[in-house]
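The structure under discussion appears below in the form of structure tokens.
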Amino acid sequence: MSAASVVINEATLNAGPSTTSHLKDLNAELLTIERNPHPAEPNFENLAFGRQFTPHMLVINWNNQDGWGAPQIKPYGPLAISPAAPALHYASGLFEGMKAYRSSDGSGKIRLFRPDKNMERMNRSAARAGLPTFDGEEFVKLIKTLVRLDRDHVPHAAGQTLYLRPTLIGTPNALDMGIPTEAMLYCICSPVGNYYTSGAGAKPVSLLASTDAVRAWPGGTGCYKLAANYVGAVMPALEAQKRGYQQVLWLFGPEKQVTEVGAMNFFMVKRRGEKVEIATAPLDGTILPGVTRDTILSLLRSYIAGEVDLDGLPAREVVEVNERQITMDEIVEAVERDEVVEVFGAGTAACVCSVERIGYEGTDLKIPIGPDGMGLFTRTMLREVTGRQWGVIPSQWSQVC
Ligand SMILES: *Cc1c(COP(=O)(O)O)cnc(C)c1O
């Protein structure tokens, strides 16, 4: 790419965040709805992740002259975008992962969990990508309307959910690498199965610690949910699977700092003398700030402060929560000394996911798992987080659609 082809013109300079000047911000009141004339019947058999979609989608276009246009809900279907769109060439795109949870109490209520956190993160991603930011509260209102319209497609069975995929892409008919002059914000919805349906509840996973491929680095974009961060993970994940592991344990730097598990945040529970420590990597720019991670840390800190009871955990006096660097050397040593209590990943898709084995430099580190595949912390966090997501445990984090 020659410097001459990077065009900074009037249009790119004018394309700031939508909060500046005359540009219109996102306004849910301008919504129009075009109903799908042939909606498919809901079908919750054999739900594979993200293979089946609801009858409608939400689309909002933006350009740097007018700002955000009128939101549209319309039949789910292909988008028409320019083959030159930067989304297709320069990974000018980003996404979120959220879920709608149907209450099991017969009330028919459908809930979102901490959608404000997803909106804050999505706007941080947008700002980093040079894509337009937007009023997150308005977008949540529109997502709730979409979920209500497609409510028959929110599964009923325990653990099943409607996965929501808000997406923002750069769409101008232009190959320059400047700030996109046009963008599209949309949301599609996919009924997804219960991660925990097999066997007694948990399916612990095995991880291959990656000593060559790196997911994120200081000053990079690993702390944003940018599309660009995920394509590089495809081949390392395949390599791990070929070698008999399910996911990649992402490391960074000469000290082999443990960063994330696949597309989940990493947690390790470790005995430290009289104490039991639960630790996760700090938000140093290489870690995606997960909503599930934040929820787990908040609940544990409230537990230690005596503000909430979390049955099943050791006494609050002995529990310690830390966001700190964890290295592979530390894990190897802790496994040898039998100090590792449990290891799990955390993210919206699975909530929590126990780890039973880590392949590292040719050997397998065995991680303890409970008799039914979940340690005390993993089990307790699963119960406490999903309880709040489904509204079984009342919380301010839960919002009815
Ligand atoms: C989305 C994601 C997570 C989990 O975030 P949640 O908000 O908890 O779903 C963790 N790591 C990566 C790399 C992710 O993309």
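Naming works like this for the structure tokens: A, B, ... for the chains as they're shown, residue 1 at the start of each chain, ligands 1 onward in shown order.
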
10 Å shell around ligand 1 using only C-alpha atoms and all ligand atoms, listed as a ChimeraX atom specification | /A:95-99,114-115,117-118,121,215-216,222-227,229-230,233,250,259-266,286-296,345-352

- Message: Give me, as an MDAnalysis selection string, all polymer residues having an atom no more than 7 Å from region 129-145 of chain A, counting only C-alpha atoms and skipping those fewer than 6 positions away in the same chain.
- Response: chainID A and resid 16:18 25:28 92 115:116 119 123 170 179:180 401

Prev. selection, N, CA and C atoms, output as an mmCIF file, in the first residue's frame:
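That gives us selection.cif:
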data_model
loop_
_atom_site.group_PDB
_atom_site.id
_atom_site.type_symbol
_atom_site.label_atom_id
_atom_site.label_comp_id
_atom_site.auth_asym_id
_atom_site.auth_seq_id
_atom_site.Cartn_x
_atom_site.Cartn_y
_atom_site.Cartn_z
ATOM 1 N N GLY A 16 -16.551 12.628 12.036
ATOM 2 C CA GLY A 16 -16.185 12.412 13.440
ATOM 3 C C GLY A 16 -17.210 11.535 14.100
ATOM 4 N N PRO A 17 -17.075 11.352 15.411
ATOM 5 C CA PRO A 17 -18.116 10.633 16.134
ATOM 6 C C PRO A 17 -19.440 11.370 15.971
ATOM 7 N N SER A 18 -20.524 10.620 16.055
ATOM 8 C CA SER A 18 -21.818 11.216 15.752
ATOM 9 C C SER A 18 -22.253 12.234 16.805
ATOM 10 N N ASP A 25 -28.020 11.869 16.054
ATOM 11 C CA ASP A 25 -27.695 10.669 16.830
ATOM 12 C C ASP A 25 -28.783 9.619 16.599
ATOM 13 N N LEU A 26 -28.512 8.443 17.065
ATOM 14 C CA LEU A 26 -29.459 7.350 16.917
ATOM 15 C C LEU A 26 -30.740 7.678 17.691
ATOM 16 N N ASN A 27 -31.892 7.477 17.034
ATOM 17 C CA ASN A 27 -33.160 7.813 17.658
ATOM 18 C C ASN A 27 -34.154 6.673 17.454
ATOM 19 N N ALA A 28 -34.463 5.974 18.535
ATOM 20 C CA ALA A 28 -35.327 4.787 18.454
ATOM 21 C C ALA A 28 -36.748 5.144 18.018
ATOM 22 N N SER A 92 -12.911 -3.332 8.815
ATOM 23 C CA SER A 92 -13.570 -2.181 9.419
ATOM 24 C C SER A 92 -14.898 -2.663 9.999
ATOM 25 N N PRO A 115 -27.034 -4.879 29.448
ATOM 26 C CA PRO A 115 -26.801 -4.461 28.050
ATOM 27 C C PRO A 115 -26.015 -3.153 27.956
ATOM 28 N N ASP A 116 -26.097 -2.331 29.002
ATOM 29 C CA ASP A 116 -25.344 -1.076 29.022
ATOM 30 C C ASP A 116 -23.838 -1.336 28.914
ATOM 31 N N MET A 119 -23.003 -1.963 25.356
ATOM 32 C CA MET A 119 -23.072 -0.726 24.567
ATOM 33 C C MET A 119 -21.835 0.139 24.803
ATOM 34 N N ASN A 123 -19.207 1.017 21.831
ATOM 35 C CA ASN A 123 -18.815 2.384 21.475
ATOM 36 C C ASN A 123 -17.306 2.595 21.604
ATOM 37 N N GLY A 170 -17.997 -0.681 8.384
ATOM 38 C CA GLY A 170 -17.750 0.453 7.482
ATOM 39 C C GLY A 170 -18.171 0.062 6.075
ATOM 40 N N ILE A 179 -11.165 7.298 7.576
ATOM 41 C CA ILE A 179 -12.332 7.038 8.395
ATOM 42 C C ILE A 179 -13.516 6.781 7.462
ATOM 43 N N PRO A 180 -14.235 5.657 7.609
ATOM 44 C CA PRO A 180 -15.350 5.390 6.693
ATOM 45 C C PRO A 180 -16.394 6.510 6.711
ATOM 46 N N CYS A 401 -37.326 -7.059 28.612
ATOM 47 C CA CYS A 401 -37.506 -6.490 27.257
ATOM 48 C C CYS A 401 -38.882 -5.844 27.109
#

Using the chain letters and numbers from this document, which residues of region 206-292 of chain A does DSSP assign to helix (DSSP H, G or I), as a list in words?
Ala228, Asn229, Tyr230, Val231, Val234, Met235, Pro236, Ala237, Leu238, Glu239, Ala240, Gln241, Lys242, Val291 and Thr292 of chain A

Please write the residues from the selection above to a file, keeping all heavy atoms, as an mmCIF file, in the first residue's frame.
data_model
loop_
_atom_site.group_PDB
_atom_site.id
_atom_site.type_symbol
_atom_site.label_atom_id
_atom_site.label_comp_id
_atom_site.auth_asym_id
_atom_site.auth_seq_id
_atom_site.Cartn_x
_atom_site.Cartn_y
_atom_site.Cartn_z
ATOM 1 N N ALA A 228 -11.138 -7.781 13.428
ATOM 2 C CA ALA A 228 -9.736 -8.076 13.104
ATOM 3 C C ALA A 228 -9.073 -8.996 14.122
ATOM 4 O O ALA A 228 -8.120 -9.703 13.798
ATOM 5 C CB ALA A 228 -8.956 -6.768 13.015
ATOM 6 N N ASN A 229 -9.553 -9.001 15.355
ATOM 7 C CA ASN A 229 -8.901 -9.807 16.395
ATOM 8 C C ASN A 229 -9.212 -11.292 16.288
ATOM 9 O O ASN A 229 -8.569 -12.091 16.967
ATOM 10 C CB ASN A 229 -9.357 -9.353 17.787
ATOM 11 C CG ASN A 229 -8.891 -7.950 18.111
ATOM 12 O OD1 ASN A 229 -7.910 -7.472 17.554
ATOM 13 N ND2 ASN A 229 -9.604 -7.291 19.003
ATOM 14 N N TYR A 230 -10.216 -11.661 15.520
ATOM 15 C CA TYR A 230 -10.721 -13.032 15.597
ATOM 16 C C TYR A 230 -10.260 -13.922 14.454
ATOM 17 O O TYR A 230 -10.145 -15.133 14.629
ATOM 18 C CB TYR A 230 -12.252 -13.008 15.757
ATOM 19 C CG TYR A 230 -12.578 -12.292 17.047
ATOM 20 C CD1 TYR A 230 -12.696 -10.906 17.095
ATOM 21 C CD2 TYR A 230 -12.632 -12.995 18.251
ATOM 22 C CE1 TYR A 230 -12.882 -10.225 18.293
ATOM 23 C CE2 TYR A 230 -12.827 -12.332 19.452
ATOM 24 C CZ TYR A 230 -12.947 -10.939 19.465
ATOM 25 O OH TYR A 230 -13.107 -10.288 20.660
ATOM 26 N N VAL A 231 -9.963 -13.336 13.289
ATOM 27 C CA VAL A 231 -9.559 -14.173 12.154
ATOM 28 C C VAL A 231 -8.223 -14.865 12.446
ATOM 29 O O VAL A 231 -8.003 -16.008 12.047
ATOM 30 C CB VAL A 231 -9.543 -13.358 10.842
ATOM 31 C CG1 VAL A 231 -8.443 -12.312 10.835
ATOM 32 C CG2 VAL A 231 -9.402 -14.283 9.655
ATOM 33 N N VAL A 234 -8.338 -18.434 14.142
ATOM 34 C CA VAL A 234 -8.958 -19.599 13.504
ATOM 35 C C VAL A 234 -7.959 -20.750 13.346
ATOM 36 O O VAL A 234 -8.226 -21.877 13.768
ATOM 37 C CB VAL A 234 -9.563 -19.207 12.129
ATOM 38 C CG1 VAL A 234 -10.046 -20.439 11.379
ATOM 39 C CG2 VAL A 234 -10.712 -18.219 12.320
ATOM 40 N N MET A 235 -6.790 -20.473 12.777
ATOM 41 C CA MET A 235 -5.836 -21.556 12.528
ATOM 42 C C MET A 235 -5.199 -22.092 13.814
ATOM 43 O O MET A 235 -5.066 -23.307 13.960
ATOM 44 C CB MET A 235 -4.780 -21.136 11.495
ATOM 45 C CG MET A 235 -5.355 -20.932 10.090
ATOM 46 S SD MET A 235 -6.472 -22.248 9.512
ATOM 47 C CE MET A 235 -5.294 -23.524 9.138
ATOM 48 N N PRO A 236 -4.819 -21.239 14.762
ATOM 49 C CA PRO A 236 -4.328 -21.795 16.037
ATOM 50 C C PRO A 236 -5.372 -22.698 16.718
ATOM 51 O O PRO A 236 -5.013 -23.728 17.301
ATOM 52 C CB PRO A 236 -4.032 -20.550 16.874
ATOM 53 C CG PRO A 236 -3.717 -19.495 15.861
ATOM 54 C CD PRO A 236 -4.618 -19.774 14.690
ATOM 55 N N ALA A 237 -6.653 -22.350 16.609
ATOM 56 C CA ALA A 237 -7.701 -23.190 17.213
ATOM 57 C C ALA A 237 -7.775 -24.535 16.501
ATOM 58 O O ALA A 237 -7.908 -25.581 17.145
ATOM 59 C CB ALA A 237 -9.055 -22.479 17.161
ATOM 60 N N LEU A 238 -7.640 -24.504 15.177
ATOM 61 C CA LEU A 238 -7.667 -25.754 14.415
ATOM 62 C C LEU A 238 -6.470 -26.630 14.791
ATOM 63 O O LEU A 238 -6.597 -27.842 14.984
ATOM 64 C CB LEU A 238 -7.638 -25.437 12.915
ATOM 65 C CG LEU A 238 -7.761 -26.642 11.995
ATOM 66 C CD1 LEU A 238 -9.169 -27.232 12.070
ATOM 67 C CD2 LEU A 238 -7.432 -26.258 10.552
ATOM 68 N N GLU A 239 -5.319 -26.002 14.930
ATOM 69 C CA GLU A 239 -4.099 -26.711 15.316
ATOM 70 C C GLU A 239 -4.289 -27.382 16.689
ATOM 71 O O GLU A 239 -3.946 -28.543 16.882
ATOM 72 C CB GLU A 239 -2.927 -25.712 15.348
ATOM 73 C CG GLU A 239 -1.591 -26.290 15.752
ATOM 74 C CD GLU A 239 -1.072 -27.375 14.813
ATOM 75 O OE1 GLU A 239 -1.504 -27.411 13.637
ATOM 76 O OE2 GLU A 239 -0.257 -28.202 15.271
ATOM 77 N N ALA A 240 -4.870 -26.630 17.626
ATOM 78 C CA ALA A 240 -5.125 -27.189 18.965
ATOM 79 C C ALA A 240 -6.035 -28.407 18.846
ATOM 80 O O ALA A 240 -5.782 -29.451 19.471
ATOM 81 C CB ALA A 240 -5.747 -26.125 19.872
ATOM 82 N N GLN A 241 -7.076 -28.289 18.010
ATOM 83 C CA GLN A 241 -8.023 -29.404 17.863
ATOM 84 C C GLN A 241 -7.357 -30.623 17.238
ATOM 85 O O GLN A 241 -7.588 -31.742 17.674
ATOM 86 C CB GLN A 241 -9.246 -28.944 17.063
ATOM 87 C CG GLN A 241 -10.194 -28.122 17.946
ATOM 88 C CD GLN A 241 -11.053 -27.134 17.175
ATOM 89 O OE1 GLN A 241 -11.259 -27.283 15.977
ATOM 90 N NE2 GLN A 241 -11.539 -26.107 17.873
ATOM 91 N N LYS A 242 -6.501 -30.377 16.237
ATOM 92 C CA LYS A 242 -5.773 -31.493 15.615
ATOM 93 C C LYS A 242 -4.934 -32.231 16.649
ATOM 94 O O LYS A 242 -4.708 -33.425 16.536
ATOM 95 C CB LYS A 242 -4.824 -30.960 14.531
ATOM 96 C CG LYS A 242 -5.479 -30.737 13.191
ATOM 97 C CD LYS A 242 -4.373 -30.455 12.174
ATOM 98 C CE LYS A 242 -4.914 -29.914 10.876
ATOM 99 N NZ LYS A 242 -3.914 -29.076 10.188
ATOM 100 N N VAL A 291 -17.987 -8.885 30.115
ATOM 101 C CA VAL A 291 -19.086 -8.557 31.026
ATOM 102 C C VAL A 291 -19.201 -9.674 32.076
ATOM 103 O O VAL A 291 -19.454 -9.419 33.254
ATOM 104 C CB VAL A 291 -20.409 -8.392 30.244
ATOM 105 C CG1 VAL A 291 -21.569 -8.103 31.190
ATOM 106 C CG2 VAL A 291 -20.276 -7.282 29.204
ATOM 107 N N THR A 292 -18.993 -10.914 31.647
ATOM 108 C CA THR A 292 -19.055 -12.037 32.579
ATOM 109 C C THR A 292 -17.905 -11.929 33.592
ATOM 110 O O THR A 292 -18.107 -12.129 34.797
ATOM 111 C CB THR A 292 -18.959 -13.372 31.816
ATOM 112 O OG1 THR A 292 -19.768 -13.287 30.639
ATOM 113 C CG2 THR A 292 -19.415 -14.538 32.672
#

Near-Met374 (chain A) list (9 Å; only C-alpha atoms; drop same-chain fewer than 4 positions) as a PyMOL selection string = chain A and resi 201-204+342+344+353-355+368-370+378-379

DSSP strand (DSSP E) residues within region 188-373 of chain A, as an MDAnalysis selection string:
chainID A and resid 188:192 205:210 247:252 257:261 264:272 275:280 319:323 340:347 351:360 363:366

* To do: Can you pull out every residue within 10 Å of Leu251 (chain A), counting only C-alpha atoms, but drop anything in the same chain fewer than 5 positions away, and send it as an NGL selection string?
  => :A and (209-217 or 256-261 or 326-328)

Find the residues around Ile304 (chain A) up to 10 Å (only C-alpha atoms counted), leave out those fewer than 6 positions away in its own chain, and share them as a VMD selection string. chain A and resid 298 310 315 to 321

Generate the output file for the selected residues, N, CA and C atoms, as a PDB file, in the first residue's frame.
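Contents of selection21.pdb, as written:
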ATOM      1  N   SER A 298     -17.283  -8.646  40.483  1.00  0.00           N
ATOM      2  CA  SER A 298     -18.170  -7.832  41.345  1.00  0.00           C
ATOM      3  C   SER A 298     -18.827  -8.693  42.403  1.00  0.00           C
ATOM      4  N   LEU A 310     -22.781 -16.176  48.936  1.00  0.00           N
ATOM      5  CA  LEU A 310     -22.553 -17.071  47.805  1.00  0.00           C
ATOM      6  C   LEU A 310     -22.337 -18.471  48.375  1.00  0.00           C
ATOM      7  N   ALA A 315     -15.288 -19.670  53.370  1.00  0.00           N
ATOM      8  CA  ALA A 315     -15.663 -18.482  54.160  1.00  0.00           C
ATOM      9  C   ALA A 315     -15.067 -17.217  53.558  1.00  0.00           C
ATOM     10  N   ARG A 316     -15.822 -16.111  53.635  1.00  0.00           N
ATOM     11  CA  ARG A 316     -15.379 -14.872  52.975  1.00  0.00           C
ATOM     12  C   ARG A 316     -14.023 -14.387  53.486  1.00  0.00           C
ATOM     13  N   GLU A 317     -13.685 -14.730  54.724  1.00  0.00           N
ATOM     14  CA  GLU A 317     -12.411 -14.272  55.303  1.00  0.00           C
ATOM     15  C   GLU A 317     -11.205 -14.868  54.581  1.00  0.00           C
ATOM     16  N   VAL A 318     -11.403 -16.043  53.970  1.00  0.00           N
ATOM     17  CA  VAL A 318     -10.226 -16.680  53.354  1.00  0.00           C
ATOM     18  C   VAL A 318     -10.175 -16.499  51.830  1.00  0.00           C
ATOM     19  N   VAL A 319     -11.213 -15.878  51.271  1.00  0.00           N
ATOM     20  CA  VAL A 319     -11.226 -15.709  49.809  1.00  0.00           C
ATOM     21  C   VAL A 319     -10.553 -14.386  49.439  1.00  0.00           C
ATOM     22  N   GLU A 320      -9.708 -14.460  48.427  1.00  0.00           N
ATOM     23  CA  GLU A 320      -8.992 -13.275  47.961  1.00  0.00           C
ATOM     24  C   GLU A 320      -9.217 -13.165  46.447  1.00  0.00           C
ATOM     25  N   VAL A 321      -9.536 -11.971  45.964  1.00  0.00           N
ATOM     26  CA  VAL A 321      -9.754 -11.784  44.525  1.00  0.00           C
ATOM     27  C   VAL A 321      -8.664 -10.878  43.981  1.00  0.00           C
TER      28      VAL A 321
END
